[in-house]
file upload37.cif (mmCIF, C-alpha atoms and all ligand atoms)
data_run
loop_
_atom_site.group_PDB
_atom_site.id
_atom_site.type_symbol
_atom_site.label_atom_id
_atom_site.label_comp_id
_atom_site.auth_asym_id
_atom_site.auth_seq_id
_atom_site.Cartn_x
_atom_site.Cartn_y
_atom_site.Cartn_z
ATOM 1 C CA MET A 1 9.318 -5.684 -22.368
ATOM 2 C CA GLY A 2 11.568 -4.239 -19.656
ATOM 3 C CA PRO A 3 10.753 -3.832 -15.967
ATOM 4 C CA LYS A 4 7.682 -1.721 -15.222
ATOM 5 C CA PRO A 5 8.562 1.671 -13.674
ATOM 6 C CA VAL A 6 6.757 2.246 -10.364
ATOM 7 C CA ILE A 7 6.611 4.665 -7.429
ATOM 8 C CA LEU A 8 5.508 3.372 -4.027
ATOM 9 C CA ASP A 9 3.761 5.673 -1.554
ATOM 10 C CA VAL A 10 3.908 4.038 1.870
ATOM 11 C CA ASP A 11 3.146 4.358 5.596
ATOM 12 C CA PRO A 12 5.301 1.501 7.035
ATOM 13 C CA GLY A 13 3.709 -0.379 8.604
ATOM 14 C CA HIS A 14 4.508 -4.098 8.459
ATOM 15 C CA ASP A 15 2.733 -4.888 5.227
ATOM 16 C CA ASP A 16 4.163 -1.727 3.630
ATOM 17 C CA ALA A 17 7.633 -2.986 4.567
ATOM 18 C CA VAL A 18 6.991 -6.282 2.779
ATOM 19 C CA ALA A 19 5.595 -4.385 -0.229
ATOM 20 C CA LEU A 20 8.805 -2.325 -0.418
ATOM 21 C CA MET A 21 10.950 -5.457 -0.284
ATOM 22 C CA MET A 22 8.768 -7.186 -2.879
ATOM 23 C CA ALA A 23 9.102 -4.224 -5.248
ATOM 24 C CA CYS A 24 12.885 -4.096 -4.768
ATOM 25 C CA GLY A 25 13.353 -7.822 -5.263
ATOM 26 C CA SER A 26 11.184 -8.148 -8.362
ATOM 27 C CA PRO A 27 13.059 -8.037 -11.693
ATOM 28 C CA GLY A 28 9.730 -7.169 -13.275
ATOM 29 C CA LEU A 29 9.580 -3.796 -11.514
ATOM 30 C CA ASP A 30 11.840 -0.736 -11.507
ATOM 31 C CA LEU A 31 11.243 1.110 -8.225
ATOM 32 C CA LEU A 32 12.035 4.684 -9.220
ATOM 33 C CA ALA A 33 11.081 6.441 -5.976
ATOM 34 C CA VAL A 34 9.425 6.007 -2.596
ATOM 35 C CA THR A 35 7.267 8.613 -0.870
ATOM 36 C CA THR A 36 6.054 8.444 2.705
ATOM 37 C CA VAL A 37 2.805 9.529 4.303
ATOM 38 C CA ALA A 38 1.402 9.659 7.834
ATOM 39 C CA GLY A 39 -0.938 6.752 8.476
ATOM 40 C CA ASN A 40 0.005 3.671 10.455
ATOM 41 C CA ALA A 41 2.332 5.966 12.380
ATOM 42 C CA PRO A 42 3.207 9.673 12.306
ATOM 43 C CA LEU A 43 5.227 10.844 9.291
ATOM 44 C CA ALA A 44 8.615 10.914 11.028
ATOM 45 C CA LYS A 45 8.184 7.234 11.943
ATOM 46 C CA THR A 46 6.884 6.056 8.577
ATOM 47 C CA THR A 47 9.759 7.888 6.879
ATOM 48 C CA ARG A 48 12.318 6.420 9.305
ATOM 49 C CA ASN A 49 10.861 2.958 8.690
ATOM 50 C CA ALA A 50 10.934 3.260 4.900
ATOM 51 C CA LEU A 51 14.591 4.341 5.030
ATOM 52 C CA ARG A 52 15.475 1.521 7.461
ATOM 53 C CA VAL A 53 13.808 -1.170 5.336
ATOM 54 C CA LEU A 54 15.538 -0.004 2.131
ATOM 55 C CA SER A 55 18.863 0.229 3.997
ATOM 56 C CA LEU A 56 18.396 -3.285 5.387
ATOM 57 C CA ILE A 57 18.129 -4.738 1.880
ATOM 58 C CA GLY A 58 20.839 -2.505 0.447
ATOM 59 C CA HIS A 59 18.575 -0.478 -1.848
ATOM 60 C CA THR A 60 19.930 2.888 -0.731
ATOM 61 C CA GLY A 61 19.868 4.314 -4.243
ATOM 62 C CA VAL A 62 16.091 4.710 -4.245
ATOM 63 C CA PRO A 63 15.134 8.318 -3.386
ATOM 64 C CA VAL A 64 12.752 8.550 -0.417
ATOM 65 C CA ALA A 65 10.798 11.773 0.116
ATOM 66 C CA ALA A 66 8.548 12.568 3.048
ATOM 67 C CA GLY A 67 5.046 13.786 2.244
ATOM 68 C CA ALA A 68 1.978 14.731 4.215
ATOM 69 C CA SER A 69 2.097 14.698 8.009
ATOM 70 C CA LYS A 70 -1.698 14.795 8.226
ATOM 71 C CA PRO A 71 -4.781 14.217 6.061
ATOM 72 C CA LEU A 72 -6.091 16.977 3.783
ATOM 73 C CA GLY A 73 -8.801 18.132 6.112
ATOM 74 C CA ARG A 74 -8.915 15.991 9.193
ATOM 75 C CA ALA A 75 -6.920 15.011 12.240
ATOM 76 C CA LEU A 76 -4.539 12.100 11.748
ATOM 77 C CA ARG A 77 -5.589 8.656 12.959
ATOM 78 C CA THR A 78 -2.729 6.186 13.468
ATOM 79 C CA ALA A 79 -2.624 2.421 14.118
ATOM 80 C CA GLU A 80 -0.132 1.698 16.871
ATOM 81 C CA ASP A 81 -2.436 -1.081 18.082
ATOM 82 C CA ILE A 82 -1.568 -2.975 14.896
ATOM 83 C CA HIS A 83 1.941 -1.829 14.000
ATOM 84 C CA GLY A 84 3.318 -0.860 17.416
ATOM 85 C CA GLU A 85 4.783 2.365 18.797
ATOM 86 C CA SER A 86 7.536 2.586 16.173
ATOM 87 C CA GLY A 87 5.139 1.693 13.360
ATOM 88 C CA LEU A 88 7.336 -1.346 12.669
ATOM 89 C CA ASP A 89 7.652 -3.203 15.983
ATOM 90 C CA GLY A 90 9.048 -6.737 16.119
ATOM 91 C CA PRO A 91 12.593 -7.672 15.068
ATOM 92 C CA GLU A 92 15.104 -4.892 15.676
ATOM 93 C CA ILE A 93 16.604 -3.550 12.435
ATOM 94 C CA PRO A 94 19.430 -1.008 12.176
ATOM 95 C CA GLU A 95 18.979 2.714 11.661
ATOM 96 C CA ALA A 96 18.952 3.859 8.036
ATOM 97 C CA SER A 97 22.231 4.286 6.198
ATOM 98 C CA PHE A 98 20.934 7.118 3.991
ATOM 99 C CA GLU A 99 18.966 10.323 4.364
ATOM 100 C CA PRO A 100 15.599 11.260 2.898
ATOM 101 C CA ASP A 101 15.554 13.293 -0.305
ATOM 102 C CA GLU A 102 15.321 17.036 0.331
ATOM 103 C CA ARG A 103 12.335 17.328 -2.016
ATOM 104 C CA SER A 104 8.742 16.901 -0.853
ATOM 105 C CA ALA A 105 6.841 13.784 -1.872
ATOM 106 C CA VAL A 106 4.852 15.820 -4.408
ATOM 107 C CA GLU A 107 8.016 17.218 -6.021
ATOM 108 C CA LEU A 108 9.795 13.857 -6.071
ATOM 109 C CA ILE A 109 6.796 12.294 -7.811
ATOM 110 C CA ALA A 110 6.709 15.180 -10.325
ATOM 111 C CA ASP A 111 10.438 15.006 -11.073
ATOM 112 C CA THR A 112 10.308 11.218 -11.354
ATOM 113 C CA LEU A 113 7.437 11.328 -13.850
ATOM 114 C CA ARG A 114 9.145 14.060 -15.871
ATOM 115 C CA GLY A 115 12.328 12.008 -15.963
ATOM 116 C CA SER A 116 10.695 8.756 -17.056
ATOM 117 C CA VAL A 117 10.474 7.981 -20.752
ATOM 118 C CA GLU A 118 7.458 5.727 -20.220
ATOM 119 C CA PRO A 119 4.426 6.290 -17.981
ATOM 120 C CA VAL A 120 4.880 5.204 -14.366
ATOM 121 C CA ALA A 121 2.519 3.193 -12.138
ATOM 122 C CA LEU A 122 1.766 4.781 -8.762
ATOM 123 C CA ILE A 123 1.311 2.228 -5.965
ATOM 124 C CA PRO A 124 -0.099 4.058 -2.914
ATOM 125 C CA VAL A 125 -0.575 1.737 0.057
ATOM 126 C CA GLY A 126 -1.383 4.220 2.808
ATOM 127 C CA PRO A 127 -3.792 7.132 3.081
ATOM 128 C CA LEU A 128 -4.032 8.871 -0.311
ATOM 129 C CA THR A 129 -3.028 12.328 0.903
ATOM 130 C CA ASN A 130 0.187 12.558 -1.141
ATOM 131 C CA VAL A 131 -1.438 11.347 -4.351
ATOM 132 C CA ALA A 132 -4.287 13.835 -4.041
ATOM 133 C CA ALA A 133 -1.829 16.656 -3.313
ATOM 134 C CA PHE A 134 0.265 15.641 -6.331
ATOM 135 C CA LEU A 135 -2.747 15.577 -8.682
ATOM 136 C CA LYS A 136 -3.780 19.030 -7.468
ATOM 137 C CA ALA A 137 -0.294 20.496 -7.906
ATOM 138 C CA HIS A 138 0.633 18.832 -11.207
ATOM 139 C CA PRO A 139 -2.484 18.002 -13.273
ATOM 140 C CA ASP A 140 -0.316 18.410 -16.365
ATOM 141 C CA LEU A 141 1.633 15.261 -15.403
ATOM 142 C CA LYS A 142 -1.390 12.926 -15.169
ATOM 143 C CA GLY A 143 -0.527 11.631 -18.644
ATOM 144 C CA LYS A 144 2.735 10.219 -17.252
ATOM 145 C CA ILE A 145 0.840 7.944 -14.835
ATOM 146 C CA SER A 146 0.067 4.550 -16.360
ATOM 147 C CA ARG A 147 -2.153 3.351 -13.505
ATOM 148 C CA VAL A 148 -2.835 3.862 -9.817
ATOM 149 C CA SER A 149 -2.735 0.510 -8.013
ATOM 150 C CA LEU A 150 -3.950 1.372 -4.547
ATOM 151 C CA MET A 151 -4.472 -0.672 -1.420
ATOM 152 C CA GLY A 152 -7.616 0.602 0.224
ATOM 153 C CA GLY A 153 -11.346 0.370 0.591
ATOM 154 C CA SER A 154 -13.706 -2.550 0.527
ATOM 155 C CA MET A 155 -16.829 -3.631 -1.345
ATOM 156 C CA GLY A 156 -18.147 -4.804 1.984
ATOM 157 C CA LEU A 157 -17.159 -4.379 5.610
ATOM 158 C CA GLY A 158 -14.451 -2.070 6.855
ATOM 159 C CA ASN A 159 -11.684 -2.715 9.362
ATOM 160 C CA THR A 160 -11.531 0.660 11.086
ATOM 161 C CA THR A 161 -15.273 1.220 11.292
ATOM 162 C CA PRO A 162 -17.929 -1.239 10.170
ATOM 163 C CA ALA A 163 -18.024 0.728 6.897
ATOM 164 C CA ALA A 164 -14.480 1.959 6.275
ATOM 165 C CA GLU A 165 -11.038 0.504 5.628
ATOM 166 C CA PHE A 166 -8.146 2.325 7.346
ATOM 167 C CA ASN A 167 -6.393 4.043 4.398
ATOM 168 C CA ILE A 168 -9.627 5.524 3.092
ATOM 169 C CA TYR A 169 -10.966 6.275 6.583
ATOM 170 C CA VAL A 170 -7.892 8.351 7.473
ATOM 171 C CA ASP A 171 -8.264 10.651 4.467
ATOM 172 C CA PRO A 172 -11.587 10.228 2.641
ATOM 173 C CA GLU A 173 -11.304 13.590 0.897
ATOM 174 C CA ALA A 174 -7.983 12.581 -0.644
ATOM 175 C CA ALA A 175 -9.408 9.222 -1.661
ATOM 176 C CA ARG A 176 -12.366 10.915 -3.345
ATOM 177 C CA GLU A 177 -9.963 13.103 -5.369
ATOM 178 C CA VAL A 178 -8.068 10.021 -6.547
ATOM 179 C CA PHE A 179 -11.172 7.998 -7.468
ATOM 180 C CA GLU A 180 -12.548 11.023 -9.374
ATOM 181 C CA SER A 181 -9.243 11.773 -11.129
ATOM 182 C CA GLY A 182 -10.089 9.842 -14.278
ATOM 183 C CA LEU A 183 -6.842 7.855 -13.964
ATOM 184 C CA PRO A 184 -6.918 4.071 -14.479
ATOM 185 C CA ILE A 185 -7.296 2.612 -10.973
ATOM 186 C CA THR A 186 -6.899 -0.879 -9.580
ATOM 187 C CA MET A 187 -8.388 -1.026 -6.094
ATOM 188 C CA SER A 188 -7.043 -3.827 -3.886
ATOM 189 C CA GLY A 189 -9.520 -3.626 -1.044
ATOM 190 C CA LEU A 190 -10.123 -5.875 1.931
ATOM 191 C CA ASP A 191 -12.203 -8.272 -0.200
ATOM 192 C CA VAL A 192 -9.046 -9.337 -1.989
ATOM 193 C CA THR A 193 -6.306 -8.558 0.550
ATOM 194 C CA HIS A 194 -7.966 -10.724 3.194
ATOM 195 C CA GLN A 195 -7.280 -13.638 0.814
ATOM 196 C CA ALA A 196 -3.524 -12.964 1.324
ATOM 197 C CA GLY A 197 -3.285 -14.020 4.953
ATOM 198 C CA ALA A 198 0.283 -14.965 5.920
ATOM 199 C CA ASP A 199 -0.498 -18.060 7.969
ATOM 200 C CA LYS A 200 2.183 -19.888 9.973
ATOM 201 C CA ALA A 201 3.027 -22.189 7.062
ATOM 202 C CA GLN A 202 3.699 -19.203 4.809
ATOM 203 C CA ARG A 203 5.649 -17.410 7.557
ATOM 204 C CA ASP A 204 7.807 -20.502 8.119
ATOM 205 C CA ARG A 205 8.348 -20.801 4.363
ATOM 206 C CA LEU A 206 9.624 -17.218 4.419
ATOM 207 C CA ARG A 207 11.750 -17.901 7.510
ATOM 208 C CA ASN A 208 13.520 -20.682 5.641
ATOM 209 C CA LEU A 209 14.568 -18.248 2.940
ATOM 210 C CA GLY A 210 17.299 -17.082 5.302
ATOM 211 C CA ASN A 211 18.486 -13.515 5.969
ATOM 212 C CA VAL A 212 15.779 -11.156 4.717
ATOM 213 C CA GLY A 213 13.236 -13.986 4.949
ATOM 214 C CA GLU A 214 13.951 -14.324 8.655
ATOM 215 C CA VAL A 215 13.346 -10.601 9.226
ATOM 216 C CA VAL A 216 10.149 -10.656 7.167
ATOM 217 C CA ALA A 217 8.907 -13.689 9.084
ATOM 218 C CA GLY A 218 9.734 -11.902 12.337
ATOM 219 C CA PHE A 219 7.808 -8.807 11.245
ATOM 220 C CA LEU A 220 4.868 -11.000 10.232
ATOM 221 C CA ASP A 221 4.958 -12.895 13.533
ATOM 222 C CA PHE A 222 4.496 -9.548 15.296
ATOM 223 C CA PHE A 223 1.773 -8.541 12.795
ATOM 224 C CA ALA A 224 0.068 -11.923 13.382
ATOM 225 C CA GLY A 225 -0.079 -11.236 17.104
ATOM 226 C CA THR A 226 -1.678 -7.822 16.799
ATOM 227 C CA TYR A 227 -4.110 -8.995 14.108
ATOM 228 C CA GLU A 228 -5.144 -11.924 16.258
ATOM 229 C CA ARG A 229 -5.743 -9.671 19.281
ATOM 230 C CA ALA A 230 -7.508 -6.962 17.279
ATOM 231 C CA PHE A 231 -9.575 -9.026 14.869
ATOM 232 C CA GLY A 232 -9.277 -12.683 15.883
ATOM 233 C CA PHE A 233 -7.508 -13.447 12.586
ATOM 234 C CA ASP A 234 -5.240 -16.488 12.489
ATOM 235 C CA ALA A 235 -3.172 -14.942 9.675
ATOM 236 C CA PRO A 236 -2.264 -11.262 9.119
ATOM 237 C CA PRO A 237 -3.334 -10.093 5.640
ATOM 238 C CA LEU A 238 -0.521 -8.907 3.375
ATOM 239 C CA HIS A 239 -2.639 -5.972 2.218
ATOM 240 C CA ASP A 240 -0.019 -3.775 0.571
ATOM 241 C CA PRO A 241 1.934 -6.469 -1.321
ATOM 242 C CA VAL A 242 -1.316 -7.289 -3.165
ATOM 243 C CA ALA A 243 -1.280 -3.784 -4.681
ATOM 244 C CA VAL A 244 2.300 -4.440 -5.860
ATOM 245 C CA ALA A 245 1.315 -7.841 -7.303
ATOM 246 C CA ALA A 246 -1.543 -6.167 -9.195
ATOM 247 C CA ILE A 247 1.065 -4.308 -11.287
ATOM 248 C CA LEU A 248 3.749 -6.994 -11.314
ATOM 249 C CA GLU A 249 1.440 -9.847 -12.336
ATOM 250 C CA PRO A 250 -2.090 -8.513 -13.003
ATOM 251 C CA ALA A 251 -3.384 -12.019 -13.820
ATOM 252 C CA LEU A 252 -3.149 -12.891 -10.105
ATOM 253 C CA LEU A 253 -6.168 -10.678 -9.412
ATOM 254 C CA ARG A 254 -9.620 -11.120 -10.832
ATOM 255 C CA THR A 255 -11.164 -7.642 -10.923
ATOM 256 C CA ARG A 256 -14.554 -6.187 -11.746
ATOM 257 C CA THR A 257 -14.876 -2.744 -13.281
ATOM 258 C CA MET A 258 -17.348 -0.593 -11.414
ATOM 259 C CA ARG A 259 -18.139 2.832 -10.029
ATOM 260 C CA VAL A 260 -16.532 3.567 -6.666
ATOM 261 C CA ASP A 261 -17.488 6.655 -4.665
ATOM 262 C CA VAL A 262 -16.087 7.714 -1.304
ATOM 263 C CA GLU A 263 -18.390 8.778 1.512
ATOM 264 C CA CYS A 264 -16.950 11.881 3.177
ATOM 265 C CA LYS A 265 -19.874 13.075 5.275
ATOM 266 C CA GLY A 266 -21.592 10.176 7.013
ATOM 267 C CA ASP A 267 -21.208 10.063 10.789
ATOM 268 C CA LEU A 268 -21.296 6.269 10.662
ATOM 269 C CA THR A 269 -19.989 5.758 7.127
ATOM 270 C CA ARG A 270 -17.186 8.292 6.630
ATOM 271 C CA GLY A 271 -14.453 6.665 4.530
ATOM 272 C CA GLU A 272 -16.688 4.000 3.021
ATOM 273 C CA THR A 273 -15.860 3.076 -0.571
ATOM 274 C CA VAL A 274 -19.361 2.797 -1.981
ATOM 275 C CA CYS A 275 -18.897 0.186 -4.719
ATOM 276 C CA ASP A 276 -21.657 0.072 -7.338
ATOM 277 C CA VAL A 277 -21.297 -3.662 -7.948
ATOM 278 C CA ARG A 278 -24.659 -3.928 -9.746
ATOM 279 C CA GLY A 279 -24.312 -0.728 -11.756
ATOM 280 C CA VAL A 280 -27.463 0.817 -10.272
ATOM 281 C CA THR A 281 -26.125 4.384 -10.106
ATOM 282 C CA GLY A 282 -25.712 4.769 -13.834
ATOM 283 C CA LYS A 283 -22.443 6.590 -13.091
ATOM 284 C CA PRO A 284 -19.431 5.803 -15.297
ATOM 285 C CA PRO A 285 -17.175 3.109 -13.803
ATOM 286 C CA ASN A 286 -13.882 4.477 -12.435
ATOM 287 C CA ALA A 287 -12.023 1.503 -10.932
ATOM 288 C CA ASP A 288 -11.063 -2.114 -11.443
ATOM 289 C CA VAL A 289 -11.862 -3.628 -8.056
ATOM 290 C CA GLY A 290 -10.098 -6.794 -6.888
ATOM 291 C CA VAL A 291 -12.568 -9.570 -6.111
ATOM 292 C CA GLU A 292 -10.417 -12.698 -6.132
ATOM 293 C CA LEU A 293 -6.716 -13.413 -5.587
ATOM 294 C CA ASP A 294 -4.725 -16.407 -6.814
ATOM 295 C CA ARG A 295 -3.368 -16.978 -3.313
ATOM 296 C CA GLU A 296 -0.798 -19.610 -4.197
ATOM 297 C CA GLY A 297 0.437 -17.620 -7.163
ATOM 298 C CA PHE A 298 0.684 -14.528 -4.972
ATOM 299 C CA PHE A 299 2.824 -16.211 -2.337
ATOM 300 C CA ASP A 300 5.014 -17.839 -4.992
ATOM 301 C CA LEU A 301 5.568 -14.383 -6.502
ATOM 302 C CA LEU A 302 6.346 -12.917 -3.081
ATOM 303 C CA HIS A 303 8.895 -15.652 -2.423
ATOM 304 C CA ASP A 304 10.464 -15.277 -5.819
ATOM 305 C CA SER A 305 11.023 -11.568 -5.188
ATOM 306 C CA LEU A 306 12.226 -11.826 -1.579
ATOM 307 C CA ARG A 307 14.686 -14.644 -2.279
ATOM 308 C CA ARG A 308 16.513 -12.351 -4.717
ATOM 309 C CA LEU A 309 17.273 -9.734 -2.060
HETATM 310 O O1 LIG B 1 -6.335 -1.421 6.080
HETATM 311 C C1 LIG B 1 -5.060 -1.896 5.748
HETATM 312 C C2 LIG B 1 -4.168 -0.774 5.323
HETATM 313 O O2 LIG B 1 -3.988 0.135 6.403
HETATM 314 C C3 LIG B 1 -2.743 -1.245 4.960
HETATM 315 O O3 LIG B 1 -2.202 -0.375 3.997
HETATM 316 C C4 LIG B 1 -2.002 -1.088 6.241
HETATM 317 O O4 LIG B 1 -0.597 -0.883 6.040
HETATM 318 C C5 LIG B 1 -2.629 0.154 6.802
HETATM 319 O O5 LIG B 1 -1.986 1.275 6.196
HETATM 320 CA CA CA B 2 -0.043 0.718 4.417
#
call {"tool": "encode", "arguments": {"input": "upload37.cif", "output": "structure tokens", "more": "lines below"}}
Ligand code: RIB
Ligand code: CA
result
Amino acid sequence: MGPKPVILDVDPGHDDAVALMMACGSPGLDLLAVTTVAGNAPLAKTTRNALRVLSLIGHTGVPVAAGASKPLGRALRTAEDIHGESGLDGPEIPEASFEPDERSAVELIADTLRGSVEPVALIPVGPLTNVAAFLKAHPDLKGKISRVSLMGGSMGLGNTTPAAEFNIYVDPEAAREVFESGLPITMSGLDVTHQAGADKAQRDRLRNLGNVGEVVAGFLDFFAGTYERAFGFDAPPLHDPVAVAAILEPALLRTRTMRVDVECKGDLTRGETVCDVRGVTGKPPNADVGVELDREGFFDLLHDSLRRL
């Protein structure tokens, strides 16, 4: 079987940057397109960062299209406290060597799906605004999506409020559209991404890879500092690369199929992914939710992809 065709939708963001590199370095994936969304930083910054990261690793042939500059129906919430003013603070990297595609994110996704012989996996790792907008504009192309492997949500505690994880919190209405789309979904929430903490040993292992490994380690050193100050973590979770691994090597994640609903109204719980772990709602399951990660296997896979860049 050839490489799996994928589209990444990103809001770089340090962990998004590593997810992009992982996708580009993996022979098991064919990164057909990248779309950007406002989230960790405003759209202009997340788009600039996606272009810079792809330029840094020489993958300038991947079309990058900018998408939504704000959530479907709310004000944008960004995360400079975690990712810095630029959205990708830490080691300086050069400006991009190529321009964004002139199409919108929605149209690039549509054209990419139309042009692919086989169905394509969507890997959204920021707020789900672009994916929801795409599904609304092109319902006829849902059959060309093999799976949505998203980073977002949590069966338990949130990281932005006690109830909500950032990507879902920023645009709960979009998330609800995606979870109710009927598409096959793998949800890599905090329960599983917090098992992918890049501790100092893993960061040093990356550093020793040389060139791109040094930059990745530098990004993760910055990310480690903000995560330690914000949450007291001793290792920054590689949230978004887990969603890539879930397509690249599904056996690395143990998942449980369950009903997931998104709270859009609650004053205290807006953005909560309400996960029916015990099946008490009687509603049909709509997502495979990550519950356990093969941590060693994940980091070996990450290394194997980054060392090829
Ligand atoms: O809550 C973690 C998620 O929010 C990650 O995707 C991170 O990049 C931020 O977008
Ligand atoms: Ca992200």
call {"tool": "resolve_selection", "arguments": {"input": "upload37.cif", "expression": "the PyMOL selection byres (((not hetatm)) within 9 of (chain B and resi 2))", "output": "count of residues only"}}
result
22
call {"tool": "resolve_selection", "arguments": {"input": "upload37.cif", "expression": "the PyMOL selection byres (((chain A and resi 146) around 8) and not hetatm)", "output": "PyMOL selection string"}}
result
chain A and resi 119-122+143-145+147-148+184
call {"tool": "write_last_selection", "arguments": {"input": "upload37.cif", "atoms": "C-alpha atoms", "output": "short mmCIF file (atom, residue, chain, number, x, y, z; two decimals), in the coordinates of the input"}}
result
data_model
loop_
_atom_site.label_atom_id
_atom_site.label_comp_id
_atom_site.auth_asym_id
_atom_site.auth_seq_id
_atom_site.Cartn_x
_atom_site.Cartn_y
_atom_site.Cartn_z
CA PRO A 119 4.43 6.29 -17.98
CA VAL A 120 4.88 5.20 -14.37
CA ALA A 121 2.52 3.19 -12.14
CA LEU A 122 1.77 4.78 -8.76
CA GLY A 143 -0.53 11.63 -18.64
CA LYS A 144 2.74 10.22 -17.25
CA ILE A 145 0.84 7.94 -14.84
CA ARG A 147 -2.15 3.35 -13.50
CA VAL A 148 -2.84 3.86 -9.82
CA PRO A 184 -6.92 4.07 -14.48
#
call {"tool": "resolve_selection", "arguments": {"input": "upload37.cif", "expression": "the PyMOL selection byres (((chain A and resi 81) around 12) and not hetatm)", "output": "PyMOL selection string"}}
result
chain A and resi 13+40-41+77-80+82-89+160+222-223+225-231
call {"tool": "write_last_selection", "arguments": {"input": "upload37.cif", "atoms": "C-alpha atoms", "output": "compact mmCIF listing (two decimals), keeping the file's coordinate frame"}}
result
# COMPACT_ATOMS: atom_id res chain seq x y z
CA GLY A 13 3.71 -0.38 8.60
CA ASN A 40 0.00 3.67 10.46
CA ALA A 41 2.33 5.97 12.38
CA ARG A 77 -5.59 8.66 12.96
CA THR A 78 -2.73 6.19 13.47
CA ALA A 79 -2.62 2.42 14.12
CA GLU A 80 -0.13 1.70 16.87
CA ILE A 82 -1.57 -2.98 14.90
CA HIS A 83 1.94 -1.83 14.00
CA GLY A 84 3.32 -0.86 17.42
CA GLU A 85 4.78 2.37 18.80
CA SER A 86 7.54 2.59 16.17
CA GLY A 87 5.14 1.69 13.36
CA LEU A 88 7.34 -1.35 12.67
CA ASP A 89 7.65 -3.20 15.98
CA THR A 160 -11.53 0.66 11.09
CA PHE A 222 4.50 -9.55 15.30
CA PHE A 223 1.77 -8.54 12.80
CA GLY A 225 -0.08 -11.24 17.10
CA THR A 226 -1.68 -7.82 16.80
CA TYR A 227 -4.11 -8.99 14.11
CA GLU A 228 -5.14 -11.92 16.26
CA ARG A 229 -5.74 -9.67 19.28
CA ALA A 230 -7.51 -6.96 17.28
CA PHE A 231 -9.57 -9.03 14.87
call {"tool": "atom_distance", "arguments": {"input": "upload37.cif", "atom1": "atom CA of Val244 of chain A", "atom2": "atom CA of Leu32 of chain A"}}
result
13.8 Å
call {"tool": "atom_distance", "arguments": {"input": "upload37.cif", "atom1": "atom CA of Val64 of chain A", "atom2": "atom CA of Ile109 of chain A"}}
result
10.2 Å
call {"tool": "closest_residue", "arguments": {"input": "upload37.cif", "among": "A:Leu293, A:Leu76, A:Ala65, A:Ala132", "to": "Asp101 of chain A", "atoms": "only C-alpha atoms"}}
result
A:Ala65
